[in-house]
file entry_38.txt (compact mmCIF, C-alpha atoms)
# COMPACT_ATOMS: atom_id res chain seq x y z
CA MET A 1 0.00 0.00 0.00
CA LYS A 2 1.30 3.45 -0.81
CA ASN A 3 2.50 5.52 2.14
CA LYS A 4 0.45 8.72 2.35
CA SER A 5 1.95 10.48 5.38
CA LEU A 6 4.31 12.89 3.69
CA ILE A 7 2.14 13.16 0.58
CA LEU A 8 -0.65 14.64 2.67
CA MET A 9 1.84 16.85 4.46
CA ALA A 10 3.15 18.15 1.16
CA ILE A 11 -0.36 18.87 -0.14
CA PHE A 12 -1.01 20.86 3.02
CA LEU A 13 2.26 22.76 2.73
CA PHE A 14 2.29 23.46 -0.96
CA GLY A 15 -1.39 23.59 -1.84
CA CYS A 16 -2.86 22.76 -5.23
CA SER A 17 -1.15 24.60 -8.04
CA GLU A 18 -2.37 23.14 -11.27
CA ASN A 19 -4.41 26.27 -12.15
CA ASN A 20 -1.74 28.81 -11.16
CA THR A 21 -0.27 31.29 -13.58
CA SER A 22 3.37 32.25 -13.96
CA VAL A 23 4.76 35.43 -12.39
CA GLN A 24 3.70 38.30 -14.62
CA THR A 25 6.28 40.55 -16.24
CA SER A 26 3.96 43.40 -17.31
CA SER A 27 4.52 47.00 -16.27
CA GLN A 28 2.09 46.55 -13.36
CA LYS A 29 4.39 43.88 -11.91
CA GLU A 30 7.76 45.50 -12.74
CA GLY A 31 8.56 46.31 -9.10
CA LEU A 32 7.99 42.71 -8.04
CA TYR A 33 9.83 41.43 -11.08
CA THR A 34 12.92 43.48 -10.27
CA ARG A 35 12.92 42.38 -6.66
CA LEU A 36 12.55 38.72 -7.67
CA GLU A 37 15.47 39.13 -10.07
CA ARG A 38 17.58 40.43 -7.21
CA ALA A 39 16.44 37.62 -4.94
CA ILE A 40 17.42 35.02 -7.57
CA SER A 41 20.81 36.69 -7.98
CA ASN A 42 21.42 36.29 -4.23
CA LEU A 43 21.05 32.51 -4.63
CA THR A 44 23.96 32.33 -7.07
CA LYS A 45 26.93 33.22 -4.83
CA SER A 46 26.54 31.81 -1.36
CA PHE A 47 23.94 31.21 1.34
CA THR A 48 23.07 29.02 4.31
CA ALA A 49 19.99 26.77 4.37
CA SER A 50 19.08 25.20 7.70
CA GLY A 51 16.04 23.38 9.00
CA THR A 52 14.63 19.85 9.09
CA ILE A 53 14.15 16.80 6.89
CA GLY A 54 10.96 14.78 7.22
CA TYR A 55 11.46 11.19 6.02
CA SER A 56 9.18 8.22 5.38
CA ASP A 57 10.63 4.94 4.09
CA GLY A 58 7.43 3.83 2.41
CA VAL A 59 7.35 0.53 4.32
CA SER A 60 7.08 1.14 8.06
CA SER A 61 4.54 3.48 9.59
CA LYS A 62 7.26 5.38 11.42
CA ASP A 63 8.21 8.79 10.08
CA GLU A 64 11.56 10.29 11.05
CA SER A 65 12.89 13.81 11.27
CA TYR A 66 16.45 15.14 11.20
CA ASP A 67 18.05 18.55 11.47
CA VAL A 68 20.03 19.67 8.43
CA ILE A 69 22.38 22.50 7.53
CA ILE A 70 23.64 23.35 4.04
CA GLU A 71 26.34 25.99 3.52
CA PHE A 72 28.18 26.93 0.36
CA ASN A 73 30.08 29.65 -1.40
CA GLU A 74 31.94 29.72 -4.70
CA THR A 75 34.80 27.49 -3.50
CA THR A 76 33.35 25.33 -0.68
CA TYR A 77 30.28 23.21 0.05
CA PHE A 78 29.21 21.77 3.42
CA TYR A 79 26.24 19.47 4.15
CA GLN A 80 25.31 17.93 7.49
CA GLU A 81 22.38 15.93 8.84
CA ILE A 82 22.08 15.87 12.62
CA SER A 83 20.34 13.42 14.94
CA GLN A 84 17.64 15.06 17.03
CA GLU A 85 18.23 12.36 19.68
CA HIS A 86 21.96 12.71 20.33
CA GLY A 87 22.75 15.87 18.37
CA GLU A 88 25.53 14.06 16.50
CA PRO A 89 26.16 14.23 12.75
CA LEU A 90 24.46 11.43 10.83
CA MET A 91 25.93 12.51 7.51
CA GLN A 92 28.66 15.03 6.71
CA GLU A 93 29.99 16.17 3.35
CA TYR A 94 32.65 18.81 2.78
CA LEU A 95 33.79 19.63 -0.75
CA TYR A 96 36.24 22.35 -1.70
CA LYS A 97 38.23 23.72 -4.57
CA GLY A 98 41.86 22.65 -4.31
CA ASP A 99 44.88 24.79 -5.20
CA ASN A 100 44.95 23.27 -8.69
CA GLY A 101 41.20 23.68 -9.18
CA PHE A 102 40.40 20.01 -8.64
CA LEU A 103 37.43 18.86 -6.59
CA CYS A 104 38.67 17.89 -3.12
CA GLN A 105 36.89 16.38 -0.17
CA LYS A 106 37.39 16.35 3.57
CA TYR A 107 35.99 13.32 5.37
CA LEU A 108 35.92 11.75 8.79
CA ASP A 109 38.02 8.58 9.04
CA GLU A 110 36.13 6.47 11.58
CA ALA A 111 39.12 4.20 12.18
CA THR A 112 41.09 7.09 13.69
CA ASN A 113 38.42 9.75 14.38
CA THR A 114 40.45 12.24 12.36
CA ILE A 115 39.72 14.43 9.33
CA LYS A 116 41.41 13.39 6.08
CA ASN A 117 41.51 14.78 2.55
CA SER A 118 41.07 13.28 -0.89
CA GLU A 119 41.33 14.73 -4.40
CA ASP A 120 39.12 13.87 -7.38
CA ILE A 121 40.09 13.84 -11.04
CA TYR A 122 37.45 16.44 -11.92
CA GLN A 123 37.58 20.21 -11.71
CA TYR A 124 35.54 21.73 -8.88
CA ASP A 125 33.89 24.29 -11.18
CA ASP A 126 32.78 21.54 -13.58
CA VAL A 127 31.10 19.52 -10.83
CA MET A 128 29.71 22.15 -8.47
CA VAL A 129 27.66 24.13 -11.00
CA ASN A 130 25.13 26.33 -9.22
CA PRO A 131 21.79 25.74 -11.02
CA PHE A 132 20.28 28.97 -9.66
CA THR A 133 22.39 30.83 -12.22
CA LYS A 134 19.96 29.42 -14.80
CA LEU A 135 16.81 30.37 -12.92
CA GLU A 136 14.78 33.30 -14.29
CA VAL A 137 11.76 35.12 -12.92
CA LYS A 138 9.62 33.78 -15.74
CA GLY A 139 10.55 30.26 -14.57
CA LEU A 140 8.74 30.82 -11.26
CA GLN A 141 5.08 30.20 -10.63
CA ALA A 142 3.06 31.50 -7.69
CA ILE A 143 1.51 28.72 -5.62
CA LYS A 144 -2.21 29.10 -5.04
CA GLY A 145 -3.14 29.24 -1.38
CA GLN A 146 0.48 29.75 -0.32
CA ASP A 147 1.14 33.48 0.00
CA ASN A 148 4.49 34.55 -1.42
CA TYR A 149 5.51 30.99 -2.30
CA TYR A 150 6.80 30.28 -5.80
CA LYS A 151 7.72 26.96 -7.32
CA ILE A 152 10.35 26.32 -9.98
CA ASN A 153 8.34 25.36 -13.06
CA ASP A 154 11.09 23.47 -14.88
CA LEU A 155 11.34 20.13 -13.07
CA THR A 156 14.73 19.44 -14.69
CA LEU A 157 16.12 22.66 -13.22
CA ALA A 158 14.35 21.97 -9.92
CA ASN A 159 15.99 18.53 -9.83
CA GLU A 160 19.40 20.07 -10.50
CA ALA A 161 18.82 22.49 -7.62
CA LYS A 162 17.85 19.58 -5.36
CA ASN A 163 20.97 17.63 -6.34
CA PHE A 164 23.19 20.68 -5.84
CA LEU A 165 21.93 21.31 -2.32
CA THR A 166 21.38 17.77 -1.05
CA SER A 167 23.03 14.36 -1.30
CA TYR A 168 19.94 12.56 -2.59
CA GLU A 169 20.34 12.27 -6.34
CA GLU A 170 18.38 9.01 -6.32
CA MET A 171 15.24 10.84 -5.15
CA SER A 172 12.94 12.42 -7.76
CA ILE A 173 11.87 16.01 -7.37
CA VAL A 174 8.16 16.57 -6.82
CA GLU A 175 8.22 20.26 -6.01
CA PHE A 176 10.86 22.89 -5.24
CA ALA A 177 9.29 25.96 -3.61
CA LEU A 178 10.78 29.30 -2.53
CA HIS A 179 9.23 31.82 -0.14
CA PHE A 180 9.71 35.51 -0.97
CA ASP A 181 9.77 37.99 1.94
CA GLY A 182 9.66 41.03 -0.33
CA ASP A 183 13.43 41.36 -0.68
CA ASN A 184 14.88 37.86 -0.65
CA PHE A 185 13.93 34.23 -0.69
CA ASP A 186 14.01 33.49 3.02
CA LYS A 187 12.65 29.90 2.97
CA MET A 188 12.64 26.89 0.69
CA ARG A 189 10.83 23.56 0.71
CA ILE A 190 12.07 20.63 -1.32
CA TYR A 191 9.72 17.67 -1.67
CA THR A 192 11.13 14.47 -3.20
CA ASP A 193 10.07 10.88 -3.58
CA LYS A 194 11.17 7.51 -4.93
CA VAL A 195 8.54 5.04 -6.14
CA GLU A 196 9.29 1.31 -6.27
CA GLY A 197 7.09 -1.57 -7.39
CA ASP A 198 4.02 -1.69 -9.62
CA GLU A 199 1.03 0.58 -9.24
CA GLU A 200 -0.94 -1.76 -6.98
CA ASP A 201 1.87 -2.57 -4.54
CA ALA A 202 4.07 0.50 -4.95
CA THR A 203 5.91 1.93 -1.97
CA ILE A 204 6.90 5.56 -1.87
CA GLU A 205 10.01 6.73 -0.08
CA GLU A 206 9.61 10.43 0.65
CA MET A 207 11.69 13.33 1.94
CA LEU A 208 10.58 16.87 2.72
CA PHE A 209 13.23 19.53 3.34
CA THR A 210 11.91 22.58 5.21
CA LEU A 211 14.66 25.20 5.23
CA GLU A 212 15.33 28.80 6.17
CA ILE A 213 17.80 30.77 4.06
CA SER A 214 20.29 33.25 5.49
CA ASN A 215 23.79 34.73 5.13
CA TYR A 216 23.44 35.67 1.46
CA ASN A 217 26.86 36.35 -0.07
CA GLU A 218 28.48 36.01 3.37
CA THR A 219 28.47 32.27 4.10
CA ILE A 220 31.71 30.64 5.21
CA PRO A 221 31.00 26.87 5.31
CA SER A 222 31.59 24.99 8.56
CA GLU A 223 34.23 22.30 8.99
CA ILE A 224 33.55 18.60 9.48
CA LYS A 225 33.78 17.66 13.15
CA THR A 226 35.18 14.55 14.78
CA TYR A 227 33.20 12.55 17.34
CA ASN A 228 33.41 13.83 20.90
CA HIS A 229 36.12 12.37 23.15
CA VAL A 230 35.66 11.81 26.89
CA ASP A 231 38.06 10.13 29.32
CA GLU A 232 36.10 6.87 29.26
CA HIS A 233 36.93 6.49 25.57
CA ASP A 234 40.53 5.83 26.68
CA ASN A 235 39.25 2.85 28.67
CA LEU A 236 37.34 1.59 25.64
CA THR A 237 40.39 1.98 23.39
CA ASN A 238 42.39 -0.23 25.76
CA ALA A 239 39.60 -2.81 25.83
CA LEU A 240 39.27 -2.97 22.05
CA ASN A 241 43.05 -3.11 21.50
CA ILE A 242 43.25 -6.30 23.55
CA PHE A 243 41.30 -8.13 20.84
CA LYS A 244 42.80 -6.20 17.95
CA ASN A 245 46.25 -7.42 19.01
CA ALA A 246 45.27 -10.92 20.18
CA ASP A 247 46.22 -14.02 18.18
CA ASN A 248 42.95 -15.70 19.15
CA TYR A 249 39.95 -15.42 21.47
CA THR A 250 36.45 -16.87 22.09
CA ILE A 251 33.12 -15.07 21.71
CA ASN A 252 30.33 -16.57 23.83
CA VAL A 253 26.76 -15.81 22.74
CA GLU A 254 23.93 -16.54 25.16
CA ILE A 255 20.45 -16.21 23.66
CA THR A 256 17.32 -16.16 25.79
CA TYR A 257 13.79 -16.08 24.40
CA SER A 258 10.80 -14.78 26.34
CA ASN A 259 8.61 -16.61 23.83
CA PRO A 260 8.39 -20.28 24.96
CA ASP A 261 7.98 -21.43 21.35
CA PHE A 262 11.68 -20.81 20.78
CA ASN A 263 14.62 -22.61 22.36
CA SER A 264 17.30 -20.62 24.16
CA GLY A 265 20.93 -21.59 23.91
CA THR A 266 24.60 -20.69 24.23
CA TYR A 267 27.17 -21.04 21.47
CA HIS A 268 30.71 -19.93 20.77
CA TYR A 269 32.79 -18.40 18.02
CA TYR A 270 36.41 -19.52 18.14
CA VAL A 271 38.36 -16.76 16.41
CA ASP A 272 41.92 -17.24 15.16
CA ASN A 273 43.27 -13.87 14.00
CA LYS A 274 46.72 -15.22 13.26
CA ASN A 275 45.57 -17.91 10.82
CA LYS A 276 42.42 -16.10 9.66
CA MET A 277 39.84 -18.72 10.57
CA MET A 278 36.70 -18.81 12.69
CA MET A 279 34.62 -21.75 13.89
CA LEU A 280 31.12 -21.87 15.39
CA ASP A 281 30.04 -24.51 17.90
CA GLY A 282 27.65 -24.99 20.81
CA ASP A 283 23.97 -25.13 21.67
CA ILE A 284 22.79 -23.04 18.74
CA PRO A 285 19.04 -22.29 18.80
CA SER A 286 17.13 -24.30 16.24
CA LEU A 287 16.14 -21.32 14.12
CA TYR A 288 19.77 -20.97 13.01
CA ARG A 289 20.46 -24.58 11.91
CA LEU A 290 24.09 -23.69 11.17
CA ASN A 291 25.32 -26.59 13.30
CA TYR A 292 23.43 -29.24 11.32
CA PHE A 293 23.98 -30.87 7.95
CA ASN A 294 21.59 -33.64 6.88
CA ASP A 295 20.59 -33.99 10.54
CA LYS A 296 24.21 -34.49 11.60
CA LEU A 297 25.78 -32.24 14.20
CA VAL A 298 28.67 -30.34 12.65
CA TYR A 299 31.31 -27.74 13.32
CA PHE A 300 30.61 -24.76 11.07
CA GLY A 301 32.98 -21.96 10.17
CA TYR A 302 35.19 -20.15 7.70
CA LYS A 303 38.80 -20.56 6.66
CA ASN A 304 41.11 -18.38 4.62
CA VAL A 305 41.89 -20.09 1.29
CA ASN A 306 44.15 -18.09 -1.02
CA GLY A 307 42.99 -14.89 0.60
CA LEU A 308 39.28 -15.68 0.30
CA PRO A 309 36.79 -17.21 2.77
CA TYR A 310 35.58 -20.79 2.34
CA ALA A 311 32.81 -22.25 4.49
CA TYR A 312 33.16 -25.71 6.03
CA LYS A 313 30.82 -28.13 7.78
CA ILE A 314 32.72 -30.86 9.64
CA ASP A 315 31.07 -33.97 11.09
CA LYS A 316 31.64 -33.68 14.87
CA GLU A 317 31.87 -37.45 15.32
CA THR A 318 34.06 -38.50 12.38
CA GLY A 319 35.88 -35.28 11.45
CA GLU A 320 34.73 -35.74 7.84
CA VAL A 321 34.17 -32.66 5.68
CA LEU A 322 30.49 -32.89 4.82
CA GLU A 323 30.30 -29.65 2.87
CA SER A 324 32.59 -26.84 1.77
CA TYR A 325 32.08 -23.95 -0.59
CA ASP A 326 33.50 -20.66 -1.79
CA TYR A 327 31.70 -17.98 0.23
CA ASN A 328 31.78 -15.41 -2.58
CA LYS A 329 30.56 -17.84 -5.23
CA TYR A 330 27.79 -19.04 -2.91
CA HIS A 331 26.57 -15.43 -2.61
CA GLY A 332 26.76 -14.78 -6.35
CA ILE A 333 29.96 -12.71 -6.24
CA SER A 334 32.42 -13.37 -9.06
CA THR A 335 36.09 -12.94 -8.21
CA LEU A 336 36.68 -12.11 -11.88
CA THR A 337 33.99 -9.52 -12.61
CA ASP A 338 32.93 -8.24 -9.16
CA GLN A 339 36.22 -7.00 -7.79
CA ASP A 340 34.55 -4.22 -5.80
CA LYS A 341 32.17 -6.69 -4.11
CA ILE A 342 34.62 -9.45 -3.14
CA ARG A 343 34.40 -10.38 0.54
CA ARG A 344 37.55 -11.50 2.33
CA MET A 345 37.97 -13.18 5.70
CA GLU A 346 38.25 -9.81 7.42
CA PHE A 347 34.68 -9.09 6.28
CA LEU A 348 33.31 -12.09 8.19
CA MET A 349 35.43 -11.86 11.34
CA PRO A 350 34.98 -9.30 14.13
CA ARG A 351 36.69 -6.10 13.04
CA PHE A 352 38.33 -4.96 16.26
CA GLY A 353 40.24 -1.75 15.54
CA SER A 354 38.17 -0.84 12.48
CA VAL A 355 36.50 2.08 14.28
CA ALA A 356 37.87 4.45 16.90
CA ALA A 357 36.50 4.35 20.43
CA GLU A 358 34.94 7.79 19.93
CA CYS A 359 32.52 6.26 17.42
CA TYR A 360 30.83 4.74 20.47
CA TYR A 361 28.58 7.01 22.51
CA SER A 362 29.57 7.15 26.17
CA GLU A 363 26.57 6.71 28.47
CA GLY A 364 28.81 7.15 31.54
CA ASN A 365 30.02 4.59 34.10
CA ASN A 366 31.96 2.68 31.40
CA ILE A 367 28.77 1.91 29.45
CA PHE A 368 28.70 2.57 25.70
CA SER A 369 26.13 2.55 22.93
CA SER A 370 26.47 3.99 19.41
CA TYR A 371 25.43 6.93 17.33
CA ASN A 372 22.92 6.22 14.59
CA SER A 373 25.59 6.86 11.97
CA THR A 374 28.14 4.49 13.53
CA ASN A 375 25.83 1.71 14.76
CA ARG A 376 26.61 -0.85 12.05
CA ASN A 377 30.38 -0.45 12.19
CA CYS A 378 30.42 -0.42 15.99
CA ILE A 379 28.65 -3.79 16.12
CA LEU A 380 30.81 -5.29 13.36
CA ASN A 381 33.78 -4.19 15.46
CA LEU A 382 32.54 -6.56 18.18
CA LEU A 383 30.73 -9.43 16.43
CA PRO A 384 31.14 -11.66 13.35
CA TYR A 385 29.21 -10.57 10.27
CA ASP A 386 26.83 -13.57 10.44
CA GLU A 387 25.81 -12.59 13.96
CA TYR A 388 25.21 -8.97 12.92
CA TYR A 389 23.24 -10.08 9.84
CA ALA A 390 20.84 -12.08 12.04
CA LEU A 391 19.85 -9.00 14.06
CA THR A 392 16.70 -7.00 13.41
CA ASN A 393 17.20 -4.47 16.22
CA THR A 394 20.81 -3.31 16.48
CA GLU A 395 20.59 -1.12 19.59
CA PHE A 396 23.16 -2.32 22.11
CA SER A 397 24.93 -1.58 25.37
CA LEU A 398 28.60 -2.42 25.88
CA TYR A 399 29.74 -2.73 29.51
CA LEU A 400 33.38 -2.43 30.58
CA ASN A 401 35.00 -3.63 33.78
CA ASP A 402 36.93 -1.23 36.01
CA ASP A 403 40.21 -2.58 34.61
CA SER A 404 39.30 -1.44 31.05
CA THR A 405 38.34 -4.90 29.80
CA ILE A 406 35.04 -5.88 28.23
CA ASN A 407 32.49 -7.23 30.71
CA TYR A 408 29.68 -8.02 28.25
CA LEU A 409 27.68 -6.81 25.27
CA SER A 410 23.88 -6.75 25.52
CA LEU A 411 21.33 -6.61 22.69
CA LYS A 412 17.55 -6.84 22.78
CA ASP A 413 16.20 -8.11 19.51
CA SER A 414 12.49 -8.86 18.99
CA LYS A 415 12.70 -10.81 15.77
CA THR A 416 9.25 -11.51 14.31
CA PHE A 417 8.47 -14.60 12.26
CA ASN A 418 5.49 -14.87 9.92
CA ASP A 419 4.38 -18.21 8.49
CA GLY A 420 1.78 -16.61 6.21
CA SER A 421 -1.15 -16.85 8.58
CA THR A 422 0.23 -15.99 12.02
CA SER A 423 3.20 -14.07 13.32
CA SER A 424 5.10 -14.29 16.58
CA SER A 425 7.84 -12.32 18.26
CA THR A 426 10.79 -14.12 19.80
CA GLY A 427 11.51 -11.52 22.49
CA ARG A 428 15.17 -12.38 22.05
CA ILE A 429 17.80 -11.14 24.53
CA ILE A 430 21.43 -11.58 23.50
CA LYS A 431 24.34 -11.45 25.94
CA VAL A 432 27.88 -11.65 24.56
CA THR A 433 31.03 -12.26 26.58
CA TYR A 434 34.66 -12.70 25.55
CA SER A 435 37.15 -15.20 26.94
CA ASN A 436 40.27 -17.32 26.40
CA ILE A 437 42.33 -14.48 24.94
CA ASN A 438 45.44 -16.00 23.33
CA SER A 439 44.46 -19.43 24.68
CA THR A 440 41.62 -20.37 22.30
CA THR A 441 42.09 -23.52 20.23
CA ILE A 442 40.10 -24.81 17.28
CA VAL A 443 39.54 -28.54 16.84
CA ASP A 444 42.05 -30.34 14.61
CA SER A 445 39.42 -31.66 12.21
CA PHE A 446 38.46 -28.10 11.30
CA VAL A 447 42.03 -26.77 11.20
CA LYS A 448 43.16 -29.60 8.88
CA ALA A 449 40.11 -29.51 6.59
call {"tool": "encode", "arguments": {"input": "entry_38.txt", "output": "structure tokens"}}
result
Amino acid sequence: MKNKSLILMAIFLFGCSENNTSVQTSSQKEGLYTRLERAISNLTKSFTASGTIGYSDGVSSKDESYDVIIEFNETTYFYQEISQEHGEPLMQEYLYKGDNGFLCQKYLDEATNTIKNSEDIYQYDDVMVNPFTKLEVKGLQAIKGQDNYYKINDLTLANEAKNFLTSYEEMSIVEFALHFDGDNFDKMRIYTDKVEGDEEDATIEEMLFTLEISNYNETIPSEIKTYNHVDEHDNLTNALNIFKNADNYTINVEITYSNPDFNSGTYHYYVDNKNKMMMLDGDIPSLYRLNYFNDKLVYFGYKNVNGLPYAYKIDKETGEVLESYDYNKYHGISTLTDQDKIRRMEFLMPRFGSVAAECYYSEGNNIFSSYNSTNRNCILNLLPYDEYYALTNTEFSLYLNDDSTINYLSLKDSKTFNDGSTSSSTGRIIKVTYSNINSTTIVDSFVKA
């Protein structure tokens, strides 16, 4: 079913405009025409646009809202989305014109929490073309029922303006509206959508930018900021480095279900950093089935074969290899034609050291969660990819001991299963501990496979 939430909002904000007429250029309107020309000219050099983004994904009933700031001048562009929950950047983009005229970018390196620079092969002036230089008064149309609001008639130009200001080129422009205060355009609203599926079952992903415009011809774009550092991040760095530098360790996963229809259990990942292998064993809940092959109990895991991961299922009783396969080939990734998609062992193993401690949000008392923007990488820093992939709710709490070691990781994950007629929630609670640092061993039958 099509999502109507933002569509109705947009109708309310913009009104119906199909019977509107373009801005007149007759002698009676010359004063307005001249002022609109001046207002358009002020969009061509620099300005700041700040406000909110309303977002609907077209699937869930939950709408989201973010703060946003857009700043640019003739040599620099800055874009930032900000969480209204934590106040941290969810997305940051900083482009600038290098000394040689090339397009350059500053970005936040999450592995070190530092700002780095990169240079493109294209000229800045060829990429960052301000579309408002092509806007004319006759290209504006007054919006009926919306006093002093004008929309850009040419949807191609409106789309270029949307792409210039935002990072959402994949979204289609529905309407780009400007509010005129008598001297300048002081507000803009950008309504976009993306339709997927056929007409009957289409979903509509929607975004509505509601922005105020200021600092005409005076904007100096902000700099990208690193994540905040507090003293407890030093404790977390020490805790993470223990596993980053360890030859091997064990991850213990205890799963408890509040729903009695599902079996709880505890299982273990035996991680060998030195030899790039990882094996799974234990009382794995039945909904996983990774520890079975043709109703035989098996050891399951991954080994590094010529730099690439291979999966193995080893009979626990006989040590026989019951199944093995190339992980990339199994997932439809060609090592010949999909070079940018190839997954190596590091992709499947916990990625300790891949993100800086500051990417975790300090709750105080040596307890950490994550920012929205760092959630995925923070979890993959602590868990194997398969474990992360099985989650539906990725909110977590990481608890440290007083000696700067990891106590445990806690996740609450209400996975819902639907058999076509009924659905049930597992009420799954996951507790993860870490043990046997530099003393973990993997069974010979798996090592020698």
call {"tool": "residues_around", "arguments": {"input": "entry_38.txt", "residues": "Ile220 of chain A", "least_positions_apart": "4", "cutoff": "8 Å", "atoms": "only C-alpha atoms", "output": "list in words"}}
result
Glu71, Phe72 and Asn73 of chain A
call {"tool": "atom_distance", "arguments": {"input": "entry_38.txt", "atom1": "atom CA of Tyr150 of chain A", "atom2": "atom CA of Asp181 of chain A"}}
result
11.3 Å
call {"tool": "axis_aligned_box", "arguments": {"input": "entry_38.txt", "around": "segment 74-89 of chain A", "padding_each_side": "6 Å", "output": "AutoDock Vina command-line options"}}
result
--center_x 26.2 --center_y 21.0 --center_z 7.8 --size_x 29.2 --size_y 29.4 --size_z 37.0
call {"tool": "residues_around", "arguments": {"input": "entry_38.txt", "residues": "Ile213 of chain A", "least_positions_apart": "3", "cutoff": "6 Å", "atoms": "all atoms listed in the file", "output": "MDAnalysis selection string"}}
result
chainID A and resid 48:49 186:187
call {"tool": "write_last_selection", "arguments": {"input": "entry_38.txt", "atoms": "C-alpha atoms", "output": "PDB file, in the coordinates of the input"}}
result
ATOM      1  CA  THR A  48      23.070  29.020   4.310  1.00  0.00           C
ATOM      2  CA  ALA A  49      19.990  26.770   4.370  1.00  0.00           C
ATOM      3  CA  ASP A 186      14.010  33.490   3.020  1.00  0.00           C
ATOM      4  CA  LYS A 187      12.650  29.900   2.970  1.00  0.00           C
TER       5      LYS A 187
END
call {"tool": "atom_distance", "arguments": {"input": "entry_38.txt", "atom1": "atom CA of Phe164 of chain A", "atom2": "atom CA of Asn377 of chain A"}}
result
28.7 Å
call {"tool": "residues_near_point", "arguments": {"input": "entry_38.txt", "point": "(28.5, -10.1, 23.9)", "cutoff": "6 Å", "atoms": "only C-alpha atoms", "output": "VMD selection string"}}
result
chain A and resid 408 to 410 431 to 433
call {"tool": "residues_around", "arguments": {"input": "entry_38.txt", "residues": "Phe78 of chain A", "least_positions_apart": "4", "cutoff": "12 Å", "atoms": "only C-alpha atoms", "output": "JSON, numbers by chain"}}
result
{"A": [46, 47, 48, 49, 50, 68, 69, 70, 71, 72, 73, 74, 91, 92, 93, 94, 95, 96, 105, 106, 107, 128, 164, 165, 166, 167, 219, 220, 221, 222, 223, 224, 225]}
call {"tool": "closest_residue", "arguments": {"input": "entry_38.txt", "among": "A:Leu32, A:Met279, A:Leu336, A:Ala357", "to": "Asn241 of chain A", "atoms": "only C-alpha atoms"}}
result
A:Ala357
call {"tool": "atom_distance", "arguments": {"input": "entry_38.txt", "atom1": "atom CA of Asn438 of chain A", "atom2": "atom CA of Ile251 of chain A"}}
result
12.5 Å
call {"tool": "closest_atom_pairs", "arguments": {"input": "entry_38.txt", "of": "segment 373-442 of chain A", "to": "segment 258-270 of chain A", "cutoff": "7 Å", "atoms": "all atoms listed in the file", "output": "CSV"}}
result
residue,atom,partner,partner_atom,distance
A:Thr426,CA,A:Asn259,CA,5.2
A:Gly427,CA,A:Ser258,CA,5.1
A:Arg428,CA,A:Ser258,CA,6.6
A:Thr440,CA,A:Tyr270,CA,6.7
A:Ile442,CA,A:Tyr270,CA,6.5
call {"tool": "residues_around", "arguments": {"input": "entry_38.txt", "residues": "Asn381 of chain A", "least_positions_apart": "5", "cutoff": "7 Å", "atoms": "all atoms listed in the file", "output": "MDAnalysis selection string"}}
result
chainID A and resid 350:355
